[in-house]
$ cat entry_5.txt   # compact mmCIF, C-alpha atoms
# COMPACT_ATOMS: atom_id res chain seq x y z
CA MET A 1 224.88 447.69 85.38
CA SER A 2 221.38 449.12 85.66
CA LYS A 3 220.51 452.80 85.45
CA SER A 4 220.91 454.53 88.82
CA ARG A 5 217.78 455.47 90.72
CA LEU A 6 219.65 458.51 92.07
CA LEU A 7 219.31 461.79 90.21
CA THR A 8 222.39 463.44 88.72
CA ARG A 9 223.15 466.95 87.49
CA GLU A 10 223.96 465.83 83.97
CA ASN A 11 221.36 466.94 81.42
CA THR A 12 219.11 468.18 84.24
CA THR A 13 217.21 471.46 84.43
CA LEU A 14 215.17 473.24 87.09
CA LEU A 15 211.70 474.16 85.83
CA ILE A 16 209.69 476.85 87.64
CA ILE A 17 206.07 476.73 86.49
CA ASP A 18 203.71 479.72 86.67
CA VAL A 19 204.53 481.25 90.07
CA GLN A 20 202.61 484.38 89.12
CA GLU A 21 201.05 487.19 91.11
CA LYS A 22 197.34 486.27 90.87
CA LEU A 23 197.92 482.52 91.16
CA TYR A 24 200.39 482.84 94.02
CA ALA A 25 197.93 484.93 96.04
CA VAL A 26 195.49 482.00 96.40
CA MET A 27 197.91 479.09 96.95
CA GLN A 28 198.15 476.95 100.08
CA ASN A 29 201.50 477.14 101.94
CA LYS A 30 202.66 479.72 99.41
CA GLU A 31 205.38 481.26 101.56
CA LYS A 32 207.07 477.88 102.15
CA MET A 33 206.75 477.03 98.45
CA ALA A 34 208.37 480.33 97.43
CA GLU A 35 211.13 479.95 100.04
CA ASN A 36 211.98 476.49 98.67
CA ILE A 37 211.93 477.65 95.05
CA LEU A 38 214.35 480.44 96.00
CA LYS A 39 216.63 477.87 97.67
CA LEU A 40 216.50 475.71 94.55
CA ILE A 41 217.36 478.71 92.34
CA ASP A 42 220.40 479.44 94.53
CA PHE A 43 221.35 475.77 94.45
CA ALA A 44 220.93 475.57 90.67
CA LYS A 45 223.35 478.48 90.32
CA ILE A 46 225.90 476.80 92.61
CA VAL A 47 225.84 473.49 90.69
CA ARG A 48 225.28 475.18 87.30
CA LEU A 49 221.89 473.71 86.44
CA PRO A 50 219.99 475.56 83.74
CA ILE A 51 216.69 477.13 84.81
CA ILE A 52 213.49 477.43 82.77
CA LEU A 53 210.68 479.74 83.85
CA THR A 54 207.12 479.68 82.50
CA GLU A 55 204.12 481.97 82.81
CA GLN A 56 200.52 480.97 82.19
CA TYR A 57 198.60 483.72 80.35
CA PRO A 58 200.50 486.61 82.01
CA LYS A 59 198.06 489.19 80.61
CA GLY A 60 195.40 487.79 82.95
CA LEU A 61 197.42 486.20 85.77
CA GLY A 62 200.26 488.69 86.10
CA ARG A 63 203.97 488.09 85.97
CA THR A 64 206.25 485.89 88.05
CA ILE A 65 206.30 487.07 91.67
CA LYS A 66 208.98 489.65 92.42
CA GLN A 67 211.13 487.62 94.81
CA ILE A 68 211.63 484.88 92.21
CA LYS A 69 212.05 487.19 89.21
CA ASP A 70 214.60 489.27 91.16
CA LYS A 71 216.76 486.11 91.61
CA ILE A 72 216.72 485.27 87.90
CA PRO A 73 216.27 488.56 86.00
CA GLU A 74 218.27 487.20 83.06
CA ILE A 75 215.78 484.39 82.40
CA MET A 76 212.96 485.26 80.03
CA PRO A 77 209.79 483.36 80.85
CA ILE A 78 208.17 481.10 78.28
CA GLU A 79 204.62 482.36 77.97
CA LYS A 80 201.86 479.82 77.44
CA THR A 81 198.13 479.31 77.42
CA ALA A 82 198.34 475.50 77.38
CA PHE A 83 198.43 473.99 80.85
CA SER A 84 201.38 471.72 80.03
CA CYS A 85 204.64 473.59 79.51
CA PHE A 86 205.06 471.52 76.36
CA GLY A 87 202.39 473.77 74.83
CA GLY A 88 204.58 476.85 75.42
CA LYS A 89 206.35 478.21 72.36
CA GLY A 90 209.94 477.02 72.38
CA PHE A 91 209.72 474.86 75.53
CA LYS A 92 210.29 471.47 73.91
CA GLU A 93 212.94 472.96 71.62
CA GLN A 94 214.82 474.34 74.64
CA LEU A 95 214.85 470.87 76.23
CA GLU A 96 216.09 469.29 73.01
CA LYS A 97 218.75 471.96 72.40
CA ASN A 98 220.18 471.44 75.90
CA LYS A 99 219.79 467.64 75.70
CA ILE A 100 217.68 467.66 78.89
CA SER A 101 216.83 464.17 80.11
CA THR A 102 215.75 465.09 83.66
CA LEU A 103 213.34 467.82 84.77
CA ILE A 104 213.17 469.04 88.35
CA ILE A 105 209.73 470.63 88.62
CA THR A 106 208.52 473.34 90.98
CA GLY A 107 205.58 475.73 90.80
CA ILE A 108 201.84 476.06 90.49
CA GLU A 109 199.43 474.16 90.48
CA SER A 110 200.15 470.58 91.50
CA HIS A 111 197.04 469.13 89.90
CA VAL A 112 197.02 471.26 86.72
CA CYS A 113 200.14 472.68 85.04
CA VAL A 114 202.68 470.78 87.17
CA ASN A 115 200.79 467.51 86.68
CA GLN A 116 200.24 467.89 82.94
CA THR A 117 203.84 468.94 82.33
CA ALA A 118 205.21 466.03 84.38
CA LEU A 119 203.01 463.47 82.65
CA GLU A 120 203.78 464.80 79.18
CA ALA A 121 207.51 464.80 79.97
CA ARG A 122 207.20 461.12 80.88
CA ASP A 123 205.60 460.56 77.45
CA TYR A 124 208.86 461.90 75.96
CA ASP A 125 210.92 459.56 78.20
CA ILE A 126 212.18 462.47 80.28
CA ARG A 127 212.91 461.62 83.89
CA VAL A 128 210.82 463.86 86.15
CA CYS A 129 211.34 464.83 89.78
CA VAL A 130 208.65 466.98 91.38
CA ILE A 131 209.64 468.83 94.54
CA SER A 132 206.66 468.37 96.85
CA ASP A 133 207.48 471.30 99.14
CA ALA A 134 208.12 473.62 96.17
CA ILE A 135 204.74 473.14 94.46
CA SER A 136 201.26 474.15 95.54
CA SER A 137 197.57 474.23 94.66
CA ARG A 138 194.62 476.27 95.85
CA THR A 139 193.53 473.37 98.06
CA LEU A 140 195.58 470.78 99.94
CA GLU A 141 193.37 468.04 98.46
CA ASN A 142 194.29 469.04 94.90
CA TRP A 143 197.97 469.31 95.86
CA GLN A 144 197.80 465.74 97.25
CA VAL A 145 195.84 464.30 94.31
CA GLY A 146 198.33 465.91 91.91
CA LEU A 147 201.26 464.30 93.74
CA GLU A 148 199.54 460.90 93.81
CA ARG A 149 198.68 460.99 90.11
CA MET A 150 202.24 461.91 89.19
CA ARG A 151 203.76 459.24 91.45
CA ASP A 152 201.39 456.65 89.98
CA ASN A 153 202.78 457.55 86.55
CA GLY A 154 206.47 457.16 87.31
CA VAL A 155 207.31 460.67 88.51
CA ILE A 156 209.84 460.91 91.33
CA ILE A 157 208.50 462.85 94.31
CA SER A 158 211.16 464.52 96.44
CA SER A 159 211.68 467.49 98.76
CA THR A 160 213.96 470.50 98.50
CA GLU A 161 216.49 469.24 101.02
CA MET A 162 216.40 465.66 99.72
CA LEU A 163 217.10 466.85 96.16
CA ILE A 164 219.96 469.14 97.20
CA TYR A 165 221.74 466.34 99.08
CA GLU A 166 221.07 463.88 96.26
CA LEU A 167 222.63 466.12 93.62
CA LEU A 168 225.55 467.10 95.86
CA LYS A 169 226.49 463.43 96.49
CA ASP A 170 229.53 464.28 98.68
CA ALA A 171 230.23 466.57 101.64
CA GLN A 172 233.82 467.28 100.58
CA THR A 173 233.04 469.36 97.51
CA ARG A 174 233.11 473.07 96.80
CA GLU A 175 229.40 472.89 95.95
CA PHE A 176 228.54 471.34 99.33
CA LYS A 177 230.36 474.09 101.18
CA GLU A 178 228.59 476.75 99.06
CA SER A 179 225.22 475.06 99.64
CA GLN A 180 225.44 474.71 103.43
CA SER A 181 223.53 477.93 104.09
CA LEU A 182 220.63 476.52 102.06
CA LEU A 183 220.51 473.43 104.26
CA LYS A 184 220.11 475.17 107.63

$ encode --input "entry_5.txt" --output "C-alpha cells"
Amino acid sequence: MSKSRLLTRENTTLLIIDVQEKLYAVMQNKEKMAENILKLIDFAKIVRLPIILTEQYPKGLGRTIKQIKDKIPEIMPIEKTAFSCFGGKGFKEQLEKNKISTLIITGIESHVCVNQTALEARDYDIRVCVISDAISSRTLENWQVGLERMRDNGVIISSTEMLIYELLKDAQTREFKESQSLLK
C-alpha cells in the first residue's frame, strides 16, 4: 500500500513563523492571516498538535503580536536571525526530539522565511503543508511567487478549513464537535 496523500496528526506540528509587530504591520490581508492562525492554534489544542513559534530578530522587529502570544503564553519563541527556521537555535533539535515528520506552516513572509523553511524541511524529508490563507507577504505578488515556488518543490498548499477537515477525518468524533465553532 502506498503512503497516503492525506495529512495525519501523527508526528505533525504547527509552526508559526515570525508574526511580529513590525512585520505584521506591513503585511497584505494581515487580519485574515491572524484570524486563521488563531483558529489553527485553537484547533491544534483540540487535537493535541505541538506548536512551535519563531521570531526573526525580535530586537529590531518586535515580538509576536499580542493576539497570538495571548493564545499560547506557555510557548517560548525560538529566536533567529537566519531566514529559515532551521537556522534558529534548537529548532531542528526540537523537530528531532518530537519525531516530527510533518510541518504545518503559517506566518510571515511567504517568499522569505516561510519559503526557505519549507524548502529546507523538504531537504530533510519532512512533509510540509503551507496554509495559504494563514501566511502573508508585503505584496500579493511575493505571496503568490512564494506559494508557487513551494508547490513546485513538493510542498502541499492548503487552506485553514481544508486542513482542519483533513486532520479531523470524521464528523462523529469529540474533536469534530469541539472544532465546529472554528468552521463557521

$ closest_atom_pairs --input "entry_5.txt" --of "stretch 21-127 of chain A" --to "stretch 171-176 of chain A" --cutoff "9 Å" --atoms "only C-alpha atoms" --output "tab-separated table"
residue	atom	partner	partner_atom	distance
A:Phe43	CA	A:Glu175	CA	8.7
A:Ile46	CA	A:Glu175	CA	6.2
A:Val47	CA	A:Glu175	CA	6.4

$ closest_residue --input "entry_5.txt" --among "A:Arg138, A:Lys177, A:Arg127, A:Lys71" --to "A:Ile157" --atoms "all atoms listed in the file"
A:Arg127

$ residues_around --input "entry_5.txt" --residues "stretch 1-10 of chain A" --least-positions-apart "5" --cutoff "10 Å" --atoms "all atoms listed in the file" --output "list in words"
Ala44, Val47, Arg48, Leu49, Pro50, Lys99, Ile100, Ser101, Thr102, Ile104, Arg127, Val128, Cys129, Ile156, Leu163, Glu166, Leu167, Leu168 and Lys169 of chain A

$ write_last_selection --input "entry_5.txt" --atoms "C-alpha atoms" --output "mmCIF file, keeping the file's coordinate frame"
data_model
loop_
_atom_site.group_PDB
_atom_site.id
_atom_site.type_symbol
_atom_site.label_atom_id
_atom_site.label_comp_id
_atom_site.auth_asym_id
_atom_site.auth_seq_id
_atom_site.Cartn_x
_atom_site.Cartn_y
_atom_site.Cartn_z
ATOM 1 C CA ALA A 44 220.930 475.570 90.670
ATOM 2 C CA VAL A 47 225.840 473.490 90.690
ATOM 3 C CA ARG A 48 225.280 475.180 87.300
ATOM 4 C CA LEU A 49 221.890 473.710 86.440
ATOM 5 C CA PRO A 50 219.990 475.560 83.740
ATOM 6 C CA LYS A 99 219.790 467.640 75.700
ATOM 7 C CA ILE A 100 217.680 467.660 78.890
ATOM 8 C CA SER A 101 216.830 464.170 80.110
ATOM 9 C CA THR A 102 215.750 465.090 83.660
ATOM 10 C CA ILE A 104 213.170 469.040 88.350
ATOM 11 C CA ARG A 127 212.910 461.620 83.890
ATOM 12 C CA VAL A 128 210.820 463.860 86.150
ATOM 13 C CA CYS A 129 211.340 464.830 89.780
ATOM 14 C CA ILE A 156 209.840 460.910 91.330
ATOM 15 C CA LEU A 163 217.100 466.850 96.160
ATOM 16 C CA GLU A 166 221.070 463.880 96.260
ATOM 17 C CA LEU A 167 222.630 466.120 93.620
ATOM 18 C CA LEU A 168 225.550 467.100 95.860
ATOM 19 C CA LYS A 169 226.490 463.430 96.490
#

$ closest_residue --input "entry_5.txt" --among "A:Ile75, A:Ala121, A:Leu61, A:Ala82" --to "A:Val26" --atoms "only C-alpha atoms"
A:Leu61

$ residues_around --input "entry_5.txt" --residues "A:Glu148" --least-positions-apart "2" --cutoff "12 Å" --atoms "all atoms listed in the file" --output "number ranges by chain"
A: 110-111, 115, 119, 130, 132, 141-146, 150-157

$ atom_distance --input "entry_5.txt" --atom1 "atom CA of A:Gly62" --atom2 "atom CA of A:Thr117"
20.4 Å

$ closest_residue --input "entry_5.txt" --among "A:Met33, A:Val112, A:Ile41, A:Ile16" --to "A:Ile78" --atoms "only C-alpha atoms"
A:Ile16

$ closest_residue --input "entry_5.txt" --among "A:Asn98, A:Glu109, A:Pro73, A:Gly88" --to "A:Gln20" --atoms "all atoms listed in the file"
A:Glu109
